[in-house]
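A.B. asks: Here it is, the structure in full.
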Amino acid sequence: IYPQAEEAFSWENLGKSGLRVSCLGLGTWVTFGSQISDEMAENLMTVAYENGVNLFDTAEVYASGRRSSFVITTKIYWGGQAETERGLSRKHIIEGLRGSLSRLQLDYVDIVFANRNDVNSPMEEIVRAMTFVINQGMAMYWGTSRWSAMEIMEAYSVARQFNLIPPVCEQAEYHYFQRDKVEVQLPELYHKIGVGAMTWSPLACGLITGKYSDGVPECSRASMKGYQWLKERVNSEEGRRQLAKIKELHLLADRLGCTAAQLAIAWCLRSEGVSSVLLGVSNAEQLIENLGALRVKSSSFQIDALLGNKPHAKKESRA
């Protein structure tokens, strides 16, 4: 177990809300998928919690401990096959959250995320339903995931217009090769309306670890059923360019005395408005390695110079 957890770990307010979350959280898109056993999942949550992590994103099982010391989130959008079992209608938000709470064996979650926007549901209906589940004690806060800045602003405006509860956080993909939204759009929202960022995929689905440098290993995620898109991405011309950059980043990590994964996670944490970075791990060794990112002093200038893809804020034109 990482011995300096209490000293090295830091906690941040989620956006401008009062909710305090660990700067690293445990994500479930890898951690609690079909790739590992329930026993391993529970062990990972225990190790994470004992090392300072208090944020668990949509876990089906959680380790022993006081419920009030955890921040547990869930997402609503994809449910069953029926038309009324997915999307962000009032019906599905309420029924979907109740179903999620039942599976989690919880009375409430701390944050319920709208997992992509629903063009078939009016924004006022979405915001009213989220306000309802919070007022009913089923959730403490609500947030968005994979929403555009314009959609988040619309939700905020609707909430202010009708005295409803606005979202506090956006979950967004963020890594070396996916930067514009988190570095340009979300900081503006943070300053204007207080929406924070919780980011995922800091290792770009494993690309940044270097395991795809010599092709797609048989045991890797890109070789699994349903991940053909990842295999195509690795083998694309853009993917090959990214892999060349990753080799250079590995050399930089060596010079800094850390692993490539630790450097990538530390780089994500340095961005303004990022409250927490969600980790996806499959074993305790990976988890401990990733937590070691807290000790890394990210060399942003060197990394940006190497990547050559730093986005720039677009200046607003004057009417």
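Just so we're on the same page: first chain in the structure tokens is A, next is B, and so on; residues restart at 1 for each chain, and ligands are numbered from 1 in the order they show up.
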If you run DSSP on the backbone, which residues of segment 133-166 of chain A are strand (DSSP E or B), as a list in words?

C.D. replies: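 Everything in segment 133-166 of chain A that counts as strand (DSSP E or B) is Ala139, Met140, Tyr141, Trp142, Gly143, Thr144 and Ser145 of chain A.
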
A.B. asks: Store the residues picked out above, limited to all heavy atoms, as a compact mmCIF listing (two decimals), in the first residue's frame.

C.D. replies:
# COMPACT_ATOMS: atom_id res chain seq x y z
N ALA A 139 -30.25 11.45 -4.83
CA ALA A 139 -28.92 11.93 -5.23
C ALA A 139 -28.66 13.25 -4.53
O ALA A 139 -29.59 13.96 -4.13
CB ALA A 139 -28.83 12.10 -6.74
N MET A 140 -27.38 13.57 -4.36
CA MET A 140 -27.00 14.84 -3.73
C MET A 140 -26.76 15.94 -4.77
O MET A 140 -27.05 17.11 -4.52
CB MET A 140 -25.73 14.65 -2.90
CG MET A 140 -25.86 13.67 -1.77
SD MET A 140 -26.96 14.28 -0.49
CE MET A 140 -26.74 13.02 0.76
N TYR A 141 -26.20 15.56 -5.92
CA TYR A 141 -25.88 16.49 -6.99
C TYR A 141 -26.15 15.80 -8.32
O TYR A 141 -26.28 14.57 -8.37
CB TYR A 141 -24.39 16.90 -6.96
CG TYR A 141 -23.91 17.51 -5.68
CD1 TYR A 141 -23.46 16.72 -4.62
CD2 TYR A 141 -23.85 18.91 -5.53
CE1 TYR A 141 -22.99 17.28 -3.44
CE2 TYR A 141 -23.38 19.48 -4.35
CZ TYR A 141 -22.96 18.67 -3.31
OH TYR A 141 -22.49 19.23 -2.15
N TRP A 142 -26.19 16.60 -9.39
CA TRP A 142 -26.23 15.97 -10.71
C TRP A 142 -25.20 16.61 -11.62
O TRP A 142 -24.78 17.74 -11.41
CB TRP A 142 -27.63 16.00 -11.31
CG TRP A 142 -28.12 17.29 -11.93
CD1 TRP A 142 -28.65 18.37 -11.29
CD2 TRP A 142 -28.17 17.60 -13.33
NE1 TRP A 142 -29.02 19.34 -12.19
CE2 TRP A 142 -28.75 18.89 -13.46
CE3 TRP A 142 -27.79 16.92 -14.49
CZ2 TRP A 142 -28.95 19.51 -14.68
CZ3 TRP A 142 -28.00 17.53 -15.72
CH2 TRP A 142 -28.57 18.81 -15.81
N GLY A 143 -24.77 15.84 -12.60
CA GLY A 143 -23.77 16.33 -13.54
C GLY A 143 -24.05 15.80 -14.93
O GLY A 143 -25.03 15.09 -15.17
N THR A 144 -23.19 16.14 -15.85
CA THR A 144 -23.33 15.73 -17.24
C THR A 144 -22.11 14.92 -17.66
O THR A 144 -21.05 15.02 -17.04
CB THR A 144 -23.47 16.95 -18.16
OG1 THR A 144 -22.32 17.79 -18.01
CG2 THR A 144 -24.72 17.75 -17.81
N SER A 145 -22.26 14.14 -18.70
CA SER A 145 -21.14 13.37 -19.23
C SER A 145 -21.22 13.41 -20.75
O SER A 145 -22.26 13.06 -21.32
CB SER A 145 -21.19 11.92 -18.72
OG SER A 145 -20.11 11.17 -19.24

A.B. asks: Skipping near chain neighbours, those fewer than 5 positions away, what residues fall within 7 Å of segment 126-128 of chain A using only C-alpha atoms, listed as a VMD selection string?

C.D. replies: chain A and resid 88 to 90 121 155 159 164

A.B. asks: With N, CA, C and O atoms retained, could you export that selection as a CSV table (one decimal), in the first residue's frame?

C.D. replies:
chain,number,residue,atom,x,y,z
A,88,LEU,N,-33.2,10.4,-21.6
A,88,LEU,CA,-33.2,11.2,-20.4
A,88,LEU,C,-34.7,11.8,-20.2
A,88,LEU,O,-34.8,12.9,-19.7
A,89,SER,N,-35.7,11.0,-20.5
A,89,SER,CA,-37.0,11.4,-20.2
A,89,SER,C,-37.2,11.4,-18.6
A,89,SER,O,-36.4,10.8,-17.9
A,90,ARG,N,-38.1,12.1,-18.1
A,90,ARG,CA,-38.4,12.1,-16.7
A,90,ARG,C,-38.6,10.7,-16.2
A,90,ARG,O,-38.1,10.3,-15.2
A,121,SER,N,-35.5,14.6,-25.5
A,121,SER,CA,-36.1,15.1,-24.2
A,121,SER,C,-35.8,16.6,-24.1
A,121,SER,O,-34.7,17.0,-24.2
A,155,ALA,N,-28.6,23.9,-19.9
A,155,ALA,CA,-29.2,23.3,-18.6
A,155,ALA,C,-29.1,24.3,-17.5
A,155,ALA,O,-30.0,24.4,-16.7
A,159,ALA,N,-32.2,26.0,-15.4
A,159,ALA,CA,-32.2,25.9,-13.9
A,159,ALA,C,-32.4,27.2,-13.3
A,159,ALA,O,-33.2,27.4,-12.3
A,164,LEU,N,-34.4,25.9,-10.5
A,164,LEU,CA,-34.2,24.5,-10.4
A,164,LEU,C,-32.7,24.3,-10.0
A,164,LEU,O,-32.0,25.2,-9.9

A.B. asks: Compile the contact shell of Glu170 of chain A as a PDB file with all heavy atoms, in the first residue's frame: residues with an atom at most 10 Å away, counting only C-alpha atoms, same-chain residues fewer than 2 positions apart removed.

C.D. replies:
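The resulting file, around_30.pdb, is shown below:
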ATOM      1  N   LEU A  14     -15.654  19.834  -6.047  1.00  0.00           N
ATOM      2  CA  LEU A  14     -16.143  19.455  -7.359  1.00  0.00           C
ATOM      3  C   LEU A  14     -16.747  20.687  -8.018  1.00  0.00           C
ATOM      4  O   LEU A  14     -17.843  21.131  -7.659  1.00  0.00           O
ATOM      5  CB  LEU A  14     -17.192  18.351  -7.242  1.00  0.00           C
ATOM      6  CG  LEU A  14     -17.705  17.767  -8.558  1.00  0.00           C
ATOM      7  CD1 LEU A  14     -16.553  17.149  -9.361  1.00  0.00           C
ATOM      8  CD2 LEU A  14     -18.774  16.727  -8.302  1.00  0.00           C
ATOM      9  N   GLY A  15     -16.000  21.276  -8.967  1.00  0.00           N
ATOM     10  CA  GLY A  15     -16.411  22.562  -9.514  1.00  0.00           C
ATOM     11  C   GLY A  15     -16.460  23.567  -8.395  1.00  0.00           C
ATOM     12  O   GLY A  15     -15.580  23.609  -7.540  1.00  0.00           O
ATOM     13  N   PHE A 113     -25.121  11.244 -13.066  1.00  0.00           N
ATOM     14  CA  PHE A 113     -24.700  11.873 -14.317  1.00  0.00           C
ATOM     15  C   PHE A 113     -25.669  11.538 -15.441  1.00  0.00           C
ATOM     16  O   PHE A 113     -26.103  10.384 -15.575  1.00  0.00           O
ATOM     17  CB  PHE A 113     -23.310  11.383 -14.729  1.00  0.00           C
ATOM     18  CG  PHE A 113     -22.190  11.997 -13.939  1.00  0.00           C
ATOM     19  CD1 PHE A 113     -21.603  11.306 -12.891  1.00  0.00           C
ATOM     20  CD2 PHE A 113     -21.713  13.263 -14.245  1.00  0.00           C
ATOM     21  CE1 PHE A 113     -20.563  11.858 -12.162  1.00  0.00           C
ATOM     22  CE2 PHE A 113     -20.679  13.827 -13.514  1.00  0.00           C
ATOM     23  CZ  PHE A 113     -20.107  13.129 -12.478  1.00  0.00           C
ATOM     24  N   ALA A 114     -25.976  12.545 -16.257  1.00  0.00           N
ATOM     25  CA  ALA A 114     -26.697  12.323 -17.504  1.00  0.00           C
ATOM     26  C   ALA A 114     -25.642  11.928 -18.542  1.00  0.00           C
ATOM     27  O   ALA A 114     -24.867  12.775 -18.990  1.00  0.00           O
ATOM     28  CB  ALA A 114     -27.431  13.586 -17.928  1.00  0.00           C
ATOM     29  N   ASN A 115     -25.616  10.654 -18.903  1.00  0.00           N
ATOM     30  CA  ASN A 115     -24.528  10.094 -19.716  1.00  0.00           C
ATOM     31  C   ASN A 115     -24.782  10.325 -21.203  1.00  0.00           C
ATOM     32  O   ASN A 115     -25.188   9.437 -21.906  1.00  0.00           O
ATOM     33  CB  ASN A 115     -24.391   8.600 -19.416  1.00  0.00           C
ATOM     34  CG  ASN A 115     -23.107   8.024 -19.964  1.00  0.00           C
ATOM     35  OD1 ASN A 115     -22.185   8.755 -20.296  1.00  0.00           O
ATOM     36  ND2 ASN A 115     -23.039   6.713 -20.055  1.00  0.00           N
ATOM     37  N   TRP A 142     -26.187  16.596  -9.393  1.00  0.00           N
ATOM     38  CA  TRP A 142     -26.232  15.967 -10.710  1.00  0.00           C
ATOM     39  C   TRP A 142     -25.201  16.612 -11.623  1.00  0.00           C
ATOM     40  O   TRP A 142     -24.778  17.744 -11.412  1.00  0.00           O
ATOM     41  CB  TRP A 142     -27.629  15.999 -11.312  1.00  0.00           C
ATOM     42  CG  TRP A 142     -28.120  17.291 -11.929  1.00  0.00           C
ATOM     43  CD1 TRP A 142     -28.652  18.368 -11.287  1.00  0.00           C
ATOM     44  CD2 TRP A 142     -28.173  17.597 -13.332  1.00  0.00           C
ATOM     45  NE1 TRP A 142     -29.025  19.335 -12.192  1.00  0.00           N
ATOM     46  CE2 TRP A 142     -28.749  18.892 -13.463  1.00  0.00           C
ATOM     47  CE3 TRP A 142     -27.793  16.919 -14.490  1.00  0.00           C
ATOM     48  CZ2 TRP A 142     -28.949  19.508 -14.682  1.00  0.00           C
ATOM     49  CZ3 TRP A 142     -28.003  17.534 -15.724  1.00  0.00           C
ATOM     50  CH2 TRP A 142     -28.571  18.814 -15.809  1.00  0.00           C
ATOM     51  N   GLY A 143     -24.766  15.836 -12.602  1.00  0.00           N
ATOM     52  CA  GLY A 143     -23.772  16.327 -13.540  1.00  0.00           C
ATOM     53  C   GLY A 143     -24.046  15.797 -14.933  1.00  0.00           C
ATOM     54  O   GLY A 143     -25.033  15.086 -15.165  1.00  0.00           O
ATOM     55  N   THR A 144     -23.188  16.141 -15.846  1.00  0.00           N
ATOM     56  CA  THR A 144     -23.334  15.730 -17.240  1.00  0.00           C
ATOM     57  C   THR A 144     -22.105  14.921 -17.658  1.00  0.00           C
ATOM     58  O   THR A 144     -21.050  15.020 -17.040  1.00  0.00           O
ATOM     59  CB  THR A 144     -23.475  16.950 -18.162  1.00  0.00           C
ATOM     60  OG1 THR A 144     -22.318  17.787 -18.005  1.00  0.00           O
ATOM     61  CG2 THR A 144     -24.720  17.754 -17.809  1.00  0.00           C
ATOM     62  N   SER A 145     -22.255  14.138 -18.699  1.00  0.00           N
ATOM     63  CA  SER A 145     -21.135  13.374 -19.232  1.00  0.00           C
ATOM     64  C   SER A 145     -21.223  13.410 -20.752  1.00  0.00           C
ATOM     65  O   SER A 145     -22.263  13.064 -21.325  1.00  0.00           O
ATOM     66  CB  SER A 145     -21.189  11.923 -18.720  1.00  0.00           C
ATOM     67  OG  SER A 145     -20.114  11.169 -19.242  1.00  0.00           O
ATOM     68  N   ARG A 146     -20.139  13.858 -21.384  1.00  0.00           N
ATOM     69  CA  ARG A 146     -20.072  13.964 -22.839  1.00  0.00           C
ATOM     70  C   ARG A 146     -21.097  14.951 -23.407  1.00  0.00           C
ATOM     71  O   ARG A 146     -21.625  14.760 -24.490  1.00  0.00           O
ATOM     72  CB  ARG A 146     -20.215  12.576 -23.489  1.00  0.00           C
ATOM     73  CG  ARG A 146     -19.058  11.654 -23.132  1.00  0.00           C
ATOM     74  CD  ARG A 146     -19.136  10.338 -23.852  1.00  0.00           C
ATOM     75  NE  ARG A 146     -20.221   9.509 -23.349  1.00  0.00           N
ATOM     76  CZ  ARG A 146     -20.475   8.280 -23.776  1.00  0.00           C
ATOM     77  NH1 ARG A 146     -19.734   7.741 -24.717  1.00  0.00           N
ATOM     78  NH2 ARG A 146     -21.462   7.588 -23.261  1.00  0.00           N
ATOM     79  N   TRP A 147     -21.388  16.005 -22.637  1.00  0.00           N
ATOM     80  CA  TRP A 147     -22.235  17.085 -23.132  1.00  0.00           C
ATOM     81  C   TRP A 147     -21.352  18.180 -23.719  1.00  0.00           C
ATOM     82  O   TRP A 147     -20.224  18.383 -23.258  1.00  0.00           O
ATOM     83  CB  TRP A 147     -23.078  17.682 -21.997  1.00  0.00           C
ATOM     84  CG  TRP A 147     -24.278  16.862 -21.598  1.00  0.00           C
ATOM     85  CD1 TRP A 147     -24.389  15.508 -21.594  1.00  0.00           C
ATOM     86  CD2 TRP A 147     -25.521  17.369 -21.101  1.00  0.00           C
ATOM     87  NE1 TRP A 147     -25.614  15.135 -21.128  1.00  0.00           N
ATOM     88  CE2 TRP A 147     -26.343  16.249 -20.819  1.00  0.00           C
ATOM     89  CE3 TRP A 147     -26.023  18.641 -20.856  1.00  0.00           C
ATOM     90  CZ2 TRP A 147     -27.638  16.378 -20.319  1.00  0.00           C
ATOM     91  CZ3 TRP A 147     -27.312  18.778 -20.354  1.00  0.00           C
ATOM     92  CH2 TRP A 147     -28.108  17.661 -20.091  1.00  0.00           C
ATOM     93  N   SER A 148     -21.902  18.916 -24.682  1.00  0.00           N
ATOM     94  CA  SER A 148     -21.171  20.059 -25.223  1.00  0.00           C
ATOM     95  C   SER A 148     -21.294  21.235 -24.267  1.00  0.00           C
ATOM     96  O   SER A 148     -22.196  21.274 -23.411  1.00  0.00           O
ATOM     97  CB  SER A 148     -21.738  20.454 -26.591  1.00  0.00           C
ATOM     98  OG  SER A 148     -23.042  21.015 -26.442  1.00  0.00           O
ATOM     99  N   ALA A 149     -20.413  22.207 -24.406  1.00  0.00           N
ATOM    100  CA  ALA A 149     -20.466  23.401 -23.555  1.00  0.00           C
ATOM    101  C   ALA A 149     -21.795  24.124 -23.734  1.00  0.00           C
ATOM    102  O   ALA A 149     -22.375  24.644 -22.768  1.00  0.00           O
ATOM    103  CB  ALA A 149     -19.297  24.327 -23.889  1.00  0.00           C
ATOM    104  N   ILE A 152     -24.519  22.304 -21.755  1.00  0.00           N
ATOM    105  CA  ILE A 152     -24.366  22.547 -20.313  1.00  0.00           C
ATOM    106  C   ILE A 152     -24.870  23.942 -19.959  1.00  0.00           C
ATOM    107  O   ILE A 152     -25.571  24.129 -18.952  1.00  0.00           O
ATOM    108  CB  ILE A 152     -22.888  22.377 -19.890  1.00  0.00           C
ATOM    109  CG1 ILE A 152     -22.438  20.930 -20.103  1.00  0.00           C
ATOM    110  CG2 ILE A 152     -22.699  22.762 -18.421  1.00  0.00           C
ATOM    111  CD1 ILE A 152     -20.943  20.712 -19.986  1.00  0.00           C
ATOM    112  N   PRO A 167     -26.413  21.589 -13.064  1.00  0.00           N
ATOM    113  CA  PRO A 167     -25.353  20.578 -12.946  1.00  0.00           C
ATOM    114  C   PRO A 167     -24.101  21.179 -12.318  1.00  0.00           C
ATOM    115  O   PRO A 167     -23.840  22.376 -12.461  1.00  0.00           O
ATOM    116  CB  PRO A 167     -25.097  20.166 -14.407  1.00  0.00           C
ATOM    117  CG  PRO A 167     -25.510  21.359 -15.213  1.00  0.00           C
ATOM    118  CD  PRO A 167     -26.657  21.974 -14.464  1.00  0.00           C
ATOM    119  N   VAL A 168     -23.324  20.322 -11.642  1.00  0.00           N
ATOM    120  CA  VAL A 168     -22.102  20.816 -10.978  1.00  0.00           C
ATOM    121  C   VAL A 168     -20.826  20.349 -11.669  1.00  0.00           C
ATOM    122  O   VAL A 168     -19.745  20.835 -11.349  1.00  0.00           O
ATOM    123  CB  VAL A 168     -22.048  20.376  -9.492  1.00  0.00           C
ATOM    124  CG1 VAL A 168     -23.219  20.934  -8.716  1.00  0.00           C
ATOM    125  CG2 VAL A 168     -21.979  18.851  -9.370  1.00  0.00           C
ATOM    126  N   ALA A 172     -15.548  14.264 -18.863  1.00  0.00           N
ATOM    127  CA  ALA A 172     -15.043  14.387 -20.228  1.00  0.00           C
ATOM    128  C   ALA A 172     -13.794  13.544 -20.428  1.00  0.00           C
ATOM    129  O   ALA A 172     -12.993  13.372 -19.507  1.00  0.00           O
ATOM    130  CB  ALA A 172     -14.728  15.854 -20.534  1.00  0.00           C
ATOM    131  N   GLU A 173     -13.616  13.042 -21.641  1.00  0.00           N
ATOM    132  CA  GLU A 173     -12.388  12.333 -21.985  1.00  0.00           C
ATOM    133  C   GLU A 173     -11.245  13.335 -22.048  1.00  0.00           C
ATOM    134  O   GLU A 173     -11.381  14.426 -22.613  1.00  0.00           O
ATOM    135  CB  GLU A 173     -12.543  11.640 -23.344  1.00  0.00           C
ATOM    136  CG  GLU A 173     -11.333  10.822 -23.754  1.00  0.00           C
ATOM    137  CD  GLU A 173     -11.512  10.113 -25.087  1.00  0.00           C
ATOM    138  OE1 GLU A 173     -12.558  10.297 -25.735  1.00  0.00           O
ATOM    139  OE2 GLU A 173     -10.590   9.370 -25.476  1.00  0.00           O
ATOM    140  N   VAL A 182     -11.446  20.097 -22.460  1.00  0.00           N
ATOM    141  CA  VAL A 182     -11.055  20.268 -21.057  1.00  0.00           C
ATOM    142  C   VAL A 182     -10.172  21.497 -20.857  1.00  0.00           C
ATOM    143  O   VAL A 182     -10.250  22.158 -19.816  1.00  0.00           O
ATOM    144  CB  VAL A 182     -10.350  18.994 -20.531  1.00  0.00           C
ATOM    145  CG1 VAL A 182      -9.743  19.217 -19.148  1.00  0.00           C
ATOM    146  CG2 VAL A 182     -11.345  17.838 -20.477  1.00  0.00           C
ATOM    147  N   LEU A 186     -14.141  23.945 -20.928  1.00  0.00           N
ATOM    148  CA  LEU A 186     -14.577  23.750 -19.542  1.00  0.00           C
ATOM    149  C   LEU A 186     -14.049  24.799 -18.562  1.00  0.00           C
ATOM    150  O   LEU A 186     -14.769  25.186 -17.637  1.00  0.00           O
ATOM    151  CB  LEU A 186     -14.242  22.334 -19.070  1.00  0.00           C
ATOM    152  CG  LEU A 186     -15.037  21.218 -19.771  1.00  0.00           C
ATOM    153  CD1 LEU A 186     -14.743  19.858 -19.154  1.00  0.00           C
ATOM    154  CD2 LEU A 186     -16.534  21.491 -19.740  1.00  0.00           C
ATOM    155  N   LEU A 189     -16.480  27.561 -18.600  1.00  0.00           N
ATOM    156  CA  LEU A 189     -17.706  27.223 -17.870  1.00  0.00           C
ATOM    157  C   LEU A 189     -17.477  27.251 -16.366  1.00  0.00           C
ATOM    158  O   LEU A 189     -18.350  27.640 -15.594  1.00  0.00           O
ATOM    159  CB  LEU A 189     -18.208  25.834 -18.283  1.00  0.00           C
ATOM    160  CG  LEU A 189     -18.865  25.699 -19.655  1.00  0.00           C
ATOM    161  CD1 LEU A 189     -19.318  24.274 -19.873  1.00  0.00           C
ATOM    162  CD2 LEU A 189     -20.051  26.636 -19.790  1.00  0.00           C
ATOM    163  N   VAL A 195     -19.118  25.044 -13.102  1.00  0.00           N
ATOM    164  CA  VAL A 195     -19.108  23.626 -13.461  1.00  0.00           C
ATOM    165  C   VAL A 195     -17.670  23.116 -13.496  1.00  0.00           C
ATOM    166  O   VAL A 195     -16.816  23.673 -14.178  1.00  0.00           O
ATOM    167  CB  VAL A 195     -19.788  23.401 -14.837  1.00  0.00           C
ATOM    168  CG1 VAL A 195     -19.512  21.993 -15.365  1.00  0.00           C
ATOM    169  CG2 VAL A 195     -21.284  23.622 -14.717  1.00  0.00           C
ATOM    170  N   GLY A 196     -17.400  22.050 -12.755  1.00  0.00           N
ATOM    171  CA  GLY A 196     -16.063  21.472 -12.711  1.00  0.00           C
ATOM    172  C   GLY A 196     -15.909  20.348 -13.712  1.00  0.00           C
ATOM    173  O   GLY A 196     -16.865  19.977 -14.404  1.00  0.00           O
ATOM    174  N   ALA A 197     -14.704  19.801 -13.802  1.00  0.00           N
ATOM    175  CA  ALA A 197     -14.422  18.702 -14.731  1.00  0.00           C
ATOM    176  C   ALA A 197     -13.950  17.477 -13.974  1.00  0.00           C
ATOM    177  O   ALA A 197     -13.091  17.565 -13.098  1.00  0.00           O
ATOM    178  CB  ALA A 197     -13.362  19.122 -15.746  1.00  0.00           C
ATOM    179  N   MET A 198     -14.538  16.332 -14.307  1.00  0.00           N
ATOM    180  CA  MET A 198     -14.083  15.031 -13.828  1.00  0.00           C
ATOM    181  C   MET A 198     -13.684  14.284 -15.104  1.00  0.00           C
ATOM    182  O   MET A 198     -14.529  14.071 -15.973  1.00  0.00           O
ATOM    183  CB  MET A 198     -15.215  14.306 -13.098  1.00  0.00           C
ATOM    184  CG  MET A 198     -14.813  13.026 -12.402  1.00  0.00           C
ATOM    185  SD  MET A 198     -16.261  12.212 -11.649  1.00  0.00           S
ATOM    186  CE  MET A 198     -16.653  13.374 -10.326  1.00  0.00           C
ATOM    187  N   THR A 199     -12.425  13.944 -15.263  1.00  0.00           N
ATOM    188  CA  THR A 199     -11.979  13.419 -16.548  1.00  0.00           C
ATOM    189  C   THR A 199     -11.723  11.920 -16.512  1.00  0.00           C
ATOM    190  O   THR A 199     -11.465  11.345 -15.458  1.00  0.00           O
ATOM    191  CB  THR A 199     -10.702  14.141 -17.032  1.00  0.00           C
ATOM    192  OG1 THR A 199      -9.595  13.794 -16.182  1.00  0.00           O
ATOM    193  CG2 THR A 199     -10.893  15.650 -17.017  1.00  0.00           C
ATOM    194  N   VAL A 274      -9.951  20.860 -13.377  1.00  0.00           N
ATOM    195  CA  VAL A 274     -10.082  19.405 -13.260  1.00  0.00           C
ATOM    196  C   VAL A 274     -10.101  19.040 -11.773  1.00  0.00           C
ATOM    197  O   VAL A 274      -9.093  19.170 -11.085  1.00  0.00           O
ATOM    198  CB  VAL A 274      -8.927  18.664 -13.979  1.00  0.00           C
ATOM    199  CG1 VAL A 274      -8.997  17.167 -13.683  1.00  0.00           C
ATOM    200  CG2 VAL A 274      -8.997  18.899 -15.478  1.00  0.00           C
TER     201      VAL A 274
END

A.B. asks: Could you pull out the residues in segment 187-317 of chain A that DSSP calls helix (DSSP H, G or I) from the backbone, as number ranges by chain?

C.D. replies: A: 187-193, 207-209, 221-223, 228-235, 237-256, 260-269, 284-295, 300-307

A.B. asks: Please identify all polymer residues within 10 Å of segment 96-109 of chain A, counting only C-alpha atoms, omitting same-chain residues fewer than 6 positions from it, and present them as an MDAnalysis selection string.

C.D. replies: chainID A and resid 58:62 67 70:80 85:88 90 133:134 136:142

A.B. asks: Separation of atom CA of Met123 of chain A and atom CA of Glu272 of chain A, in Å?

C.D. replies: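 Taking atom CA of Met123 of chain A as the start and atom CA of Glu272 of chain A as the end point, the length is 27.8 Å.
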
A.B. asks: Quick one: residues within 12 Å of Ala264 of chain A, only C-alpha atoms counted, chain neighbours fewer than 6 positions away excluded, as a ChimeraX atom specification?

C.D. replies: /A:174-177,200-204,206-210,246,249-250,252-253,258,270-271,277,279,289-294,296-300,303-304

A.B. asks: Of the residues A:Leu44, A:Glu83, A:Leu306, A:His191, which is the one nearest to Asn120 of chain A, using only C-alpha atoms?

C.D. replies: A:Glu83

A.B. asks: For each of A:Arg240, A:Phe56, A:Lys211, A:Met40, take the minimum atom-to-atom distance to Ala260 of chain A, counting only C-alpha atoms, then give the residue where this is smallest.

C.D. replies: A:Lys211
